[in-house]
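**Q** Contents of start05.txt (compact mmCIF, C-alpha atoms and all ligand atoms) are given next:
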```
# COMPACT_ATOMS: atom_id res chain seq x y z
CA MET A 1 -21.31 10.31 -4.47
CA ASP A 2 -24.98 10.36 -3.48
CA ALA A 3 -25.89 6.70 -3.42
CA SER A 4 -22.95 4.71 -2.14
CA LEU A 5 -24.43 1.33 -3.03
CA THR A 6 -23.76 0.84 -6.70
CA GLN A 7 -25.49 -1.32 -9.27
CA PRO A 8 -26.46 -4.07 -9.51
CA GLU A 9 -28.84 -3.73 -6.60
CA VAL A 10 -29.54 -6.81 -4.55
CA GLN A 11 -32.96 -8.32 -5.27
CA PRO A 12 -35.50 -8.73 -2.42
CA GLY A 13 -35.31 -12.21 -0.93
CA ARG A 14 -31.85 -12.75 -2.37
CA GLY A 15 -29.94 -10.51 -0.04
CA LEU A 16 -27.80 -10.81 3.03
CA GLY A 17 -30.85 -11.20 5.29
CA SER A 18 -31.61 -14.65 3.86
CA ALA A 19 -27.99 -15.84 3.72
CA SER A 20 -27.08 -19.16 5.29
CA ALA A 21 -23.62 -17.90 6.17
CA VAL A 22 -21.54 -14.74 5.94
CA LEU A 23 -17.79 -15.15 5.57
CA TRP A 24 -16.20 -11.90 6.67
CA ASP A 25 -12.80 -10.67 5.60
CA ILE A 26 -10.99 -9.14 8.58
CA ASP A 27 -8.52 -6.36 7.65
CA GLY A 28 -10.15 -3.30 6.12
CA THR A 29 -13.58 -4.90 6.34
CA LEU A 30 -14.27 -5.65 10.02
CA LEU A 31 -11.43 -3.72 11.60
CA THR A 32 -8.10 -2.01 11.37
CA SER A 33 -5.27 -3.01 13.67
CA GLY A 34 -3.66 0.42 13.44
CA GLY A 35 -0.46 -0.83 11.82
CA VAL A 36 0.39 -3.15 14.73
CA ALA A 37 0.17 -6.32 12.64
CA ALA A 38 1.96 -4.82 9.65
CA GLN A 39 4.86 -3.66 11.82
CA ALA A 40 5.08 -7.04 13.54
CA PHE A 41 5.20 -8.75 10.14
CA LEU A 42 8.17 -6.64 9.00
CA LYS A 43 9.90 -7.16 12.33
CA ALA A 44 9.41 -10.92 12.00
CA VAL A 45 11.18 -10.95 8.63
CA GLU A 46 14.01 -8.89 10.14
CA GLN A 47 14.38 -11.19 13.14
CA VAL A 48 14.50 -14.30 10.98
CA THR A 49 16.85 -13.00 8.28
CA GLY A 50 18.73 -10.13 9.88
CA LEU A 51 17.71 -7.94 6.95
CA SER A 52 15.05 -5.24 6.49
CA PRO A 53 12.56 -6.10 3.76
CA SER A 54 11.27 -3.44 1.39
CA VAL A 55 7.56 -2.76 1.07
CA GLU A 56 8.05 -0.57 -2.00
CA GLY A 57 5.59 -1.38 -4.75
CA ILE A 58 4.14 -4.41 -2.98
CA GLU A 59 0.37 -4.56 -2.87
CA PHE A 60 -0.55 -6.54 0.24
CA GLU A 61 -4.33 -6.15 0.26
CA GLY A 62 -6.30 -9.36 0.03
CA ARG A 63 -3.25 -11.61 0.03
CA ILE A 64 -2.80 -14.46 2.49
CA ASP A 65 0.02 -14.23 5.04
CA PRO A 66 2.27 -16.90 3.46
CA GLU A 67 2.12 -14.93 0.18
CA ILE A 68 3.01 -11.72 2.02
CA ALA A 69 5.93 -13.44 3.75
CA THR A 70 7.13 -14.76 0.38
CA LEU A 71 6.95 -11.31 -1.23
CA LEU A 72 8.80 -9.65 1.65
CA LEU A 73 11.48 -12.34 1.64
CA GLU A 74 11.95 -11.88 -2.12
CA THR A 75 12.90 -8.23 -1.55
CA ILE A 76 15.94 -9.41 0.42
CA ASP A 77 16.73 -12.37 -1.85
CA HIS A 78 15.47 -15.01 0.57
CA GLY A 79 13.38 -17.98 -0.51
CA THR A 80 10.15 -19.56 0.67
CA ASP A 81 12.01 -21.94 3.00
CA HIS A 82 12.02 -19.05 5.50
CA VAL A 83 8.24 -18.58 5.40
CA PRO A 84 7.41 -20.94 8.32
CA ALA A 85 9.97 -19.22 10.58
CA VAL A 86 8.65 -15.77 9.62
CA LEU A 87 5.04 -16.75 10.38
CA SER A 88 6.01 -18.38 13.66
CA THR A 89 7.98 -15.27 14.71
CA TYR A 90 5.06 -13.07 13.59
CA HIS A 91 2.76 -15.11 15.84
CA ASP A 92 5.20 -14.69 18.77
CA LEU A 93 5.47 -10.92 18.26
CA ILE A 94 1.69 -10.42 18.11
CA HIS A 95 1.00 -12.62 21.13
CA GLY A 96 3.97 -11.15 23.00
CA ASP A 97 2.39 -7.69 22.90
CA LEU A 98 -1.37 -8.13 22.84
CA ASP A 99 -1.70 -4.81 24.67
CA ALA A 100 -0.58 -2.97 21.54
CA LEU A 101 -3.11 -4.84 19.42
CA ASN A 102 -5.89 -4.40 21.97
CA THR A 103 -5.18 -0.67 22.23
CA ARG A 104 -4.95 0.12 18.53
CA THR A 105 -7.52 -2.19 16.96
CA GLN A 106 -10.68 -0.42 15.87
CA VAL A 107 -13.90 -1.91 14.55
CA LEU A 108 -14.99 -0.12 11.39
CA PRO A 109 -18.22 1.92 11.36
CA GLY A 110 -21.46 -0.02 10.96
CA VAL A 111 -19.85 -3.44 11.49
CA ARG A 112 -21.35 -4.14 14.93
CA GLU A 113 -24.80 -3.02 13.78
CA LEU A 114 -24.79 -5.24 10.68
CA MET A 115 -23.47 -8.16 12.71
CA ALA A 116 -26.29 -7.69 15.20
CA MET A 117 -28.83 -7.77 12.36
CA LEU A 118 -27.28 -11.01 11.10
CA VAL A 119 -27.44 -12.51 14.58
CA ASP A 120 -31.14 -11.63 14.76
CA ALA A 121 -31.67 -13.24 11.35
CA GLN A 122 -29.80 -16.36 12.57
CA VAL A 123 -27.15 -16.07 9.88
CA HIS A 124 -23.97 -17.97 10.74
CA GLN A 125 -20.99 -15.60 10.77
CA THR A 126 -17.38 -16.63 10.40
CA VAL A 127 -14.23 -15.32 8.68
CA VAL A 128 -12.31 -15.98 5.48
CA THR A 129 -9.04 -14.13 5.91
CA GLY A 130 -5.44 -14.10 4.79
CA ASN A 131 -4.37 -13.89 8.44
CA ILE A 132 -2.91 -16.99 10.00
CA ARG A 133 -5.40 -18.30 12.52
CA SER A 134 -3.58 -17.31 15.71
CA VAL A 135 -3.29 -13.70 14.54
CA ALA A 136 -6.84 -13.61 13.17
CA GLU A 137 -8.16 -14.72 16.54
CA ALA A 138 -6.01 -12.14 18.34
CA LYS A 139 -7.41 -9.36 16.13
CA LEU A 140 -11.02 -10.52 16.48
CA ASN A 141 -10.64 -10.80 20.25
CA ALA A 142 -9.02 -7.35 20.40
CA ALA A 143 -12.07 -6.00 18.58
CA GLY A 144 -14.52 -7.92 20.79
CA LEU A 145 -16.11 -9.66 17.79
CA VAL A 146 -16.08 -13.24 19.13
CA PRO A 147 -19.02 -13.82 19.29
CA PRO A 148 -20.83 -13.11 17.00
CA ILE A 149 -18.00 -14.44 14.83
CA ASP A 150 -17.70 -18.21 15.11
CA VAL A 151 -13.95 -18.72 14.66
CA GLU A 152 -14.11 -22.53 14.49
CA PRO A 153 -15.29 -22.93 10.85
CA GLY A 154 -13.24 -19.97 9.64
CA GLY A 155 -10.75 -20.02 6.76
CA TYR A 156 -7.29 -18.69 7.60
CA GLY A 157 -4.00 -17.93 5.89
CA ASP A 158 -2.71 -21.25 7.17
CA SER A 159 -5.78 -23.22 5.99
CA GLY A 160 -4.66 -23.37 2.34
CA SER A 161 -2.10 -22.14 -0.15
CA THR A 162 -4.40 -19.66 -1.91
CA ARG A 163 -7.32 -17.50 -0.81
CA VAL A 164 -9.69 -19.79 -2.72
CA GLU A 165 -8.39 -22.83 -0.81
CA VAL A 166 -8.77 -20.89 2.43
CA ALA A 167 -12.43 -20.13 1.64
CA GLU A 168 -13.05 -23.71 0.54
CA SER A 169 -11.73 -25.01 3.85
CA SER A 170 -14.22 -22.76 5.64
CA LEU A 171 -17.12 -23.94 3.47
CA ARG A 172 -16.17 -27.57 4.15
CA ALA A 173 -16.10 -26.84 7.88
CA LEU A 174 -19.53 -25.20 7.65
CA PHE A 175 -21.33 -27.63 5.34
CA GLY A 176 -19.19 -30.76 4.95
CA ASP A 177 -18.70 -32.47 1.59
CA GLN A 178 -21.96 -31.03 0.28
CA TRP A 179 -20.60 -27.48 0.47
CA THR A 180 -20.90 -26.88 -3.28
CA THR A 181 -24.69 -27.09 -3.03
CA ARG A 182 -24.72 -24.35 -0.38
CA VAL A 183 -22.57 -21.61 -1.87
CA GLY A 184 -25.40 -19.79 -3.68
CA ASP A 185 -26.72 -18.24 -0.47
CA CYS A 186 -23.38 -17.69 1.24
CA TRP A 187 -21.74 -14.29 1.11
CA ILE A 188 -18.20 -13.04 1.33
CA ILE A 189 -17.91 -9.47 2.58
CA GLY A 190 -14.50 -8.03 1.77
CA ASP A 191 -12.62 -4.90 0.80
CA THR A 192 -10.48 -5.93 -2.17
CA PRO A 193 -10.79 -7.36 -5.68
CA ARG A 194 -9.09 -10.50 -4.31
CA ASP A 195 -12.03 -11.11 -1.96
CA LEU A 196 -14.35 -10.91 -4.97
CA ALA A 197 -12.16 -13.14 -7.14
CA CYS A 198 -12.24 -15.74 -4.37
CA ALA A 199 -16.04 -15.53 -4.11
CA GLN A 200 -16.42 -15.79 -7.88
CA ALA A 201 -14.11 -18.81 -8.09
CA LEU A 202 -16.33 -20.71 -5.66
CA GLY A 203 -19.76 -19.39 -6.68
CA LEU A 204 -20.29 -17.36 -3.53
CA ARG A 205 -22.06 -14.05 -3.49
CA CYS A 206 -20.03 -11.00 -2.60
CA ALA A 207 -20.38 -7.53 -1.17
CA LEU A 208 -17.36 -5.24 -1.39
CA VAL A 209 -16.93 -2.37 0.99
CA ALA A 210 -14.46 0.44 0.36
CA THR A 211 -13.26 0.75 3.96
CA GLY A 212 -9.78 -0.63 3.33
CA ARG A 213 -7.06 0.82 1.11
CA THR A 214 -8.82 0.08 -2.17
CA PRO A 215 -10.93 3.04 -3.36
CA VAL A 216 -14.57 2.44 -4.26
CA GLU A 217 -13.86 3.22 -7.92
CA ALA A 218 -11.49 0.25 -8.08
CA LEU A 219 -14.16 -2.06 -6.61
CA GLN A 220 -16.90 -1.09 -9.03
CA GLY A 221 -17.56 -2.85 -12.31
CA LEU A 222 -15.92 -6.11 -11.26
CA GLY A 223 -19.16 -8.04 -10.85
CA ALA A 224 -19.76 -7.91 -7.10
CA ASP A 225 -23.40 -8.27 -5.97
CA ALA A 226 -22.97 -4.96 -4.17
CA VAL A 227 -20.30 -2.31 -3.70
CA LEU A 228 -20.61 0.00 -0.71
CA THR A 229 -18.53 2.93 0.52
CA GLY A 230 -19.07 1.75 4.09
CA LEU A 231 -21.40 -0.29 6.29
CA GLU A 232 -22.89 2.66 8.13
CA VAL A 233 -25.38 3.96 5.56
CA PRO A 234 -28.83 2.62 6.58
CA GLY A 235 -30.28 2.86 3.04
CA ASP A 236 -27.40 0.84 1.61
CA ILE A 237 -27.70 -1.82 4.28
CA LYS A 238 -31.43 -2.07 3.66
CA ARG A 239 -30.83 -2.77 -0.03
CA LEU A 240 -27.99 -5.18 0.69
CA TRP A 241 -30.30 -6.99 3.09
CA GLY A 242 -32.71 -7.67 0.20
MG MG A 301 -9.14 -7.07 3.68
```
Any chance you could give the structure as structure tokens?
**A**
Amino acid sequence: MDASLTQPEVQPGRGLGSASAVLWDIDGTLLTSGGVAAQAFLKAVEQVTGLSPSVEGIEFEGRIDPEIATLLLETIDHGTDHVPAVLSTYHDLIHGDLDALNTRTQVLPGVRELMAMLVDAQVHQTVVTGNIRSVAEAKLNAAGLVPPIDVEPGGYGDSGSTRVEVAESSLRALFGDQWTTRVGDCWIIGDTPRDLACAQALGLRCALVATGRTPVEALQGLGADAVLTGLEVPGDIKRLWG
């Protein structure tokens, strides 16, 4: 496609450049961990249950880690009472082999440049992610994104029981009890329809970027403020900036 930024275009003065905060998704948006985290997750389920879960037909994108653990456990007829043990083992596996994560994690094209623009514009940057916090921090550190990411007010897979709760916890950390008055100039940048649904549920603005597993066609027409094929096209970033 010629123009990767699809309609509706972001209006001048209402774009990312005048945001008060940007809440980045991690996987497929900021970086890829090269399968290291996914493999550790499956291994964690195996270590806890002694059984190999199936990934057949499960769509993981945009889900929070406790949901993923639940879905994997279901494939081997195990219940949610095993979720805490799976997440704790997952944490141990990731932190037990940070070399693998550090070696295979790659920042996606254009991310560092857009982050630098946001730093210059004094836009607060944190994350809203399905990753449990300890793994999110490991991935962000592997990618060298802390700073500019401020991990403290982030929303993580262990900050709530749904992605919306996770985002709300981040907004509370950023703005306190008055967070609802601040959402109109806060953006979520993500790579799945679930990132958008979360933004819409809370009144946040949203840019979707097709750098994860979801194709751009599946991100269009859902009501995002912007849909981009990537973050490396200067013309697109200029329009997103507003
Ligand atoms: Mg993602």
**Q** What residues of the protein or nucleic acid chains come within 9 Å of ligand MG 301 (chain A) when you use only C-alpha atoms and all ligand atoms? Reply as a PyMOL selection string.
**A** chain A and resi 25-31+61-63+129-130+190-192+194-195+211-213
**Q** Give me the residues within 8 Å of Ala138 in chain A as a ChimeraX atom specification, counting all atoms listed in the file and dropping any in the same chain fewer than 2 places off.
**A** /A:94-95,98,101,134-136,140-142
**Q** May I ask for the distance between CA of Pro53 in chain A and CA of Leu72 in chain A, given in Å to one decimal place?
**A** 5.6 Å
**Q** Taking into account all atoms listed in the file, which residue in the set A:Thr75, A:Thr214, A:Thr126, A:Gln178 is nearest to Pro193 in chain A?
**A** A:Thr214
**Q** Enter the distance from CA of Arg104 in chain A to CA of Ala143 in chain A, in Å, rounded to one decimal.
**A**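 Calculated distance between CA of Arg104 in chain A and CA of Ala143 in chain A is 9.4 Å.
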**Q** May I ask for the distance between CA of Gln11 in chain A and CA of Gly221 in chain A, given in Å to one decimal place?
**A** 17.8 Å
**Q** Please provide as a PyMOL selection string all residues within 9 Å of Gly157 in chain A, with the sequence filter that same-chain residues fewer than 3 positions apart are discarded (counting only C-alpha atoms).
**A** chain A and resi 63-67+128-133+136+160-163+166
**Q** Which residue out of A:Ala37, A:Ala207, A:Leu145, A:Ala226 has the minimum interatomic distance to Val111 in chain A when all atoms listed in the file are used?
**A**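 With all atoms listed in the file as the atom set, the closest residue is A:Leu145.
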**Q** Set the distance at 10 Å and use all atoms listed in the file: which residues neighbour Val55 in chain A once local chain neighbours fewer than 3 positions away are removed? I'd like the list as a list in words.
**A**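 Within the cut-off, the hits are Leu42, Ser52, Ile58, Glu59, Phe60, Leu71, Leu72 and Thr75 of chain A.
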**Q** Which of these, A:Gly176, A:Pro215, A:Pro153, A:Pro84, has the shortest distance to Val45 in chain A once you count all atoms listed in the file?
**A**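 Checking each of A:Gly176, A:Pro215, A:Pro153, A:Pro84 against Val45 in chain A, counting all atoms listed in the file, the winner is A:Pro84.
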**Q** Excluding same-chain residues fewer than 2 positions from Thr105 in chain A, what lies within 9 Å of it counting all atoms listed in the file, as a PyMOL selection string?
**A** chain A and resi 31-36+100-103+107+139+142-143
**Q** Once you add 6 Å to each side, what are the centre and edge lengths of the axis-aligned box holding all listed atoms of range 72-82 of chain A? One decimal in Å, as AutoDock Vina command-line options, if you can.
**A**
```
--center_x 12.8 --center_y -15.1 --center_z 1.7 --size_x 19.9 --size_y 25.7 --size_z 19.6
```
**Q** Can you tell me which residues surround Cys206 in chain A at a distance of at most 6 Å, considering only C-alpha atoms, apart from same-chain residues fewer than 5 positions away, and format the answer as a list of chain:residue names?
**A** A:Trp187, A:Ile188, A:Ile189, A:Ala224, A:Asp225
**Q** Nearest to Asp185 in chain A: which of A:Ile237, A:Ala19, A:Ala38, A:Val146 is it, counting only C-alpha atoms?
**A** A:Ala19
**Q** Pick the closest to Asp236 in chain A from A:Ile68, A:Val86, A:Leu174, A:Leu114: which is it, counting only C-alpha atoms?
**A**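 Residue with the minimum atom-to-atom distance to Asp236 in chain A: A:Leu114.
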**Q** Quick one: of A:Leu208, A:Ala40, A:Leu240, A:Val127, who's nearest to Asp97 in chain A, counting all atoms listed in the file?
**A**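 Once distances to Asp97 in chain A are computed over all atoms listed in the file, the minimum belongs to A:Ala40.
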**Q** Write only C-alpha atoms for range 67-208 of chain A from the block just shown, as an mmCIF file, in the first residue's frame.
**A**
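This is the output file decode.cif:
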```
data_model
loop_
_atom_site.group_PDB
_atom_site.id
_atom_site.type_symbol
_atom_site.label_atom_id
_atom_site.label_comp_id
_atom_site.auth_asym_id
_atom_site.auth_seq_id
_atom_site.Cartn_x
_atom_site.Cartn_y
_atom_site.Cartn_z
ATOM 1 C CA GLU A 67 -5.178 -15.280 30.776
ATOM 2 C CA ILE A 68 -2.497 -16.997 28.695
ATOM 3 C CA ALA A 69 -1.605 -19.283 31.609
ATOM 4 C CA THR A 70 -5.291 -20.129 32.050
ATOM 5 C CA LEU A 71 -5.726 -20.958 28.357
ATOM 6 C CA LEU A 72 -2.610 -23.147 28.276
ATOM 7 C CA LEU A 73 -3.651 -24.963 31.448
ATOM 8 C CA GLU A 74 -7.097 -25.621 29.955
ATOM 9 C CA THR A 75 -5.483 -27.547 27.087
ATOM 10 C CA ILE A 76 -4.207 -30.088 29.611
ATOM 11 C CA ASP A 77 -7.339 -30.059 31.785
ATOM 12 C CA HIS A 78 -5.789 -28.062 34.611
ATOM 13 C CA GLY A 79 -7.585 -25.242 36.389
ATOM 14 C CA THR A 80 -6.735 -21.669 37.320
ATOM 15 C CA ASP A 81 -5.408 -22.739 40.736
ATOM 16 C CA HIS A 82 -2.142 -23.507 38.917
ATOM 17 C CA VAL A 83 -1.814 -20.013 37.431
ATOM 18 C CA PRO A 84 0.269 -18.494 40.279
ATOM 19 C CA ALA A 85 2.768 -21.387 40.144
ATOM 20 C CA VAL A 86 3.036 -21.112 36.345
ATOM 21 C CA LEU A 87 3.701 -17.358 36.498
ATOM 22 C CA SER A 88 6.221 -17.761 39.287
ATOM 23 C CA THR A 89 8.055 -20.502 37.341
ATOM 24 C CA TYR A 90 7.891 -18.345 34.195
ATOM 25 C CA HIS A 91 9.546 -15.517 36.139
ATOM 26 C CA ASP A 92 12.276 -17.913 37.356
ATOM 27 C CA LEU A 93 12.959 -19.243 33.851
ATOM 28 C CA ILE A 94 13.246 -15.758 32.318
ATOM 29 C CA HIS A 95 15.457 -14.412 35.095
ATOM 30 C CA GLY A 96 17.481 -17.635 35.168
ATOM 31 C CA ASP A 97 18.586 -17.100 31.568
ATOM 32 C CA LEU A 98 18.661 -13.365 30.929
ATOM 33 C CA ASP A 99 21.459 -13.942 28.407
ATOM 34 C CA ALA A 100 18.988 -15.606 26.042
ATOM 35 C CA LEU A 101 16.572 -12.695 26.369
ATOM 36 C CA ASN A 102 19.325 -10.098 26.029
ATOM 37 C CA THR A 103 20.688 -11.819 22.926
ATOM 38 C CA ARG A 104 17.417 -12.346 21.086
ATOM 39 C CA THR A 105 15.387 -9.263 21.978
ATOM 40 C CA GLN A 106 15.139 -6.749 19.153
ATOM 41 C CA VAL A 107 13.652 -3.273 19.205
ATOM 42 C CA LEU A 108 11.296 -2.789 16.272
ATOM 43 C CA PRO A 109 12.140 -0.267 13.532
ATOM 44 C CA GLY A 110 11.376 3.375 14.278
ATOM 45 C CA VAL A 111 10.695 2.806 17.985
ATOM 46 C CA ARG A 112 13.838 4.509 19.312
ATOM 47 C CA GLU A 113 13.352 7.481 16.988
ATOM 48 C CA LEU A 114 9.716 8.031 18.010
ATOM 49 C CA MET A 115 10.629 7.627 21.670
ATOM 50 C CA ALA A 116 13.336 10.256 21.280
ATOM 51 C CA MET A 117 10.798 12.654 19.746
ATOM 52 C CA LEU A 118 8.477 12.052 22.701
ATOM 53 C CA VAL A 119 11.319 12.702 25.135
ATOM 54 C CA ASP A 120 12.030 16.009 23.379
ATOM 55 C CA ALA A 121 8.328 16.899 23.606
ATOM 56 C CA GLN A 122 8.370 16.005 27.337
ATOM 57 C CA VAL A 123 5.725 13.330 26.926
ATOM 58 C CA HIS A 124 5.719 10.829 29.797
ATOM 59 C CA GLN A 125 6.278 7.298 28.472
ATOM 60 C CA THR A 126 5.352 4.117 30.271
ATOM 61 C CA VAL A 127 3.904 0.695 29.394
ATOM 62 C CA VAL A 128 0.533 -1.031 29.484
ATOM 63 C CA THR A 129 1.291 -4.674 28.840
ATOM 64 C CA GLY A 130 -0.012 -8.161 29.436
ATOM 65 C CA ASN A 131 3.425 -9.177 30.708
ATOM 66 C CA ILE A 132 3.830 -9.672 34.422
ATOM 67 C CA ARG A 133 5.986 -6.854 35.739
ATOM 68 C CA SER A 134 9.182 -8.817 36.357
ATOM 69 C CA VAL A 135 9.188 -10.136 32.790
ATOM 70 C CA ALA A 136 8.169 -6.785 31.295
ATOM 71 C CA GLU A 137 11.113 -5.131 33.025
ATOM 72 C CA ALA A 138 13.474 -7.882 31.849
ATOM 73 C CA LYS A 139 12.345 -7.370 28.241
ATOM 74 C CA LEU A 140 12.574 -3.571 28.423
ATOM 75 C CA ASN A 141 16.023 -3.776 29.986
ATOM 76 C CA ALA A 142 17.136 -6.299 27.352
ATOM 77 C CA ALA A 143 16.048 -3.785 24.709
ATOM 78 C CA GLY A 144 17.713 -0.855 26.490
ATOM 79 C CA LEU A 145 14.444 1.097 26.671
ATOM 80 C CA VAL A 146 14.592 2.101 30.356
ATOM 81 C CA PRO A 147 14.761 5.090 30.130
ATOM 82 C CA PRO A 148 12.945 6.581 28.259
ATOM 83 C CA ILE A 149 10.278 4.188 29.537
ATOM 84 C CA ASP A 150 9.339 4.972 33.136
ATOM 85 C CA VAL A 151 8.480 1.509 34.472
ATOM 86 C CA GLU A 152 7.141 2.734 37.828
ATOM 87 C CA PRO A 153 3.654 3.899 36.705
ATOM 88 C CA GLY A 154 3.287 1.074 34.186
ATOM 89 C CA GLY A 155 0.372 -1.360 33.986
ATOM 90 C CA TYR A 156 1.335 -5.039 33.991
ATOM 91 C CA GLY A 157 -0.280 -8.447 33.661
ATOM 92 C CA ASP A 158 -0.200 -8.727 37.431
ATOM 93 C CA SER A 159 -1.720 -5.251 37.995
ATOM 94 C CA GLY A 160 -5.303 -6.358 37.271
ATOM 95 C CA SER A 161 -7.453 -9.215 36.055
ATOM 96 C CA THR A 162 -8.178 -7.740 32.613
ATOM 97 C CA ARG A 163 -6.252 -5.525 30.214
ATOM 98 C CA VAL A 164 -8.606 -2.649 31.026
ATOM 99 C CA GLU A 165 -7.845 -2.996 34.751
ATOM 100 C CA VAL A 166 -4.148 -3.107 33.927
ATOM 101 C CA ALA A 167 -4.397 0.170 31.986
ATOM 102 C CA GLU A 168 -6.513 1.752 34.705
ATOM 103 C CA SER A 169 -3.887 0.922 37.310
ATOM 104 C CA SER A 170 -1.305 2.715 35.170
ATOM 105 C CA LEU A 171 -3.520 5.785 34.753
ATOM 106 C CA ARG A 172 -4.081 5.909 38.519
ATOM 107 C CA ALA A 173 -0.331 5.707 39.068
ATOM 108 C CA LEU A 174 0.209 8.537 36.575
ATOM 109 C CA PHE A 175 -2.610 10.894 37.551
ATOM 110 C CA GLY A 176 -4.113 9.712 40.847
ATOM 111 C CA ASP A 177 -7.863 9.656 41.453
ATOM 112 C CA GLN A 178 -8.423 12.354 38.829
ATOM 113 C CA TRP A 179 -7.225 10.052 36.051
ATOM 114 C CA THR A 180 -10.566 10.089 34.217
ATOM 115 C CA THR A 181 -10.124 13.793 33.456
ATOM 116 C CA ARG A 182 -6.757 13.105 31.815
ATOM 117 C CA VAL A 183 -7.464 10.241 29.433
ATOM 118 C CA GLY A 184 -8.401 12.411 26.430
ATOM 119 C CA ASP A 185 -4.786 13.302 25.690
ATOM 120 C CA CYS A 186 -3.227 9.985 26.655
ATOM 121 C CA TRP A 187 -2.396 7.448 23.978
ATOM 122 C CA ILE A 188 -2.056 3.706 23.881
ATOM 123 C CA ILE A 189 0.227 2.448 21.128
ATOM 124 C CA GLY A 190 -0.331 -1.237 20.489
ATOM 125 C CA ASP A 191 -0.400 -3.946 17.852
ATOM 126 C CA THR A 192 -3.687 -5.776 18.422
ATOM 127 C CA PRO A 193 -7.440 -5.145 18.500
ATOM 128 C CA ARG A 194 -7.242 -5.864 22.255
ATOM 129 C CA ASP A 195 -5.001 -2.821 22.761
ATOM 130 C CA LEU A 196 -7.619 -0.721 20.978
ATOM 131 C CA ALA A 197 -10.537 -2.240 22.906
ATOM 132 C CA CYS A 198 -8.718 -1.370 26.125
ATOM 133 C CA ALA A 199 -8.135 2.223 24.982
ATOM 134 C CA GLN A 200 -11.765 2.576 23.908
ATOM 135 C CA ALA A 201 -13.070 1.210 27.205
ATOM 136 C CA LEU A 202 -11.211 3.924 29.108
ATOM 137 C CA GLY A 203 -11.521 6.818 26.645
ATOM 138 C CA LEU A 204 -7.865 6.826 25.673
ATOM 139 C CA ARG A 205 -6.654 7.596 22.195
ATOM 140 C CA CYS A 206 -5.008 4.806 20.274
ATOM 141 C CA ALA A 207 -2.535 4.194 17.489
ATOM 142 C CA LEU A 208 -2.240 0.653 16.167
#
```
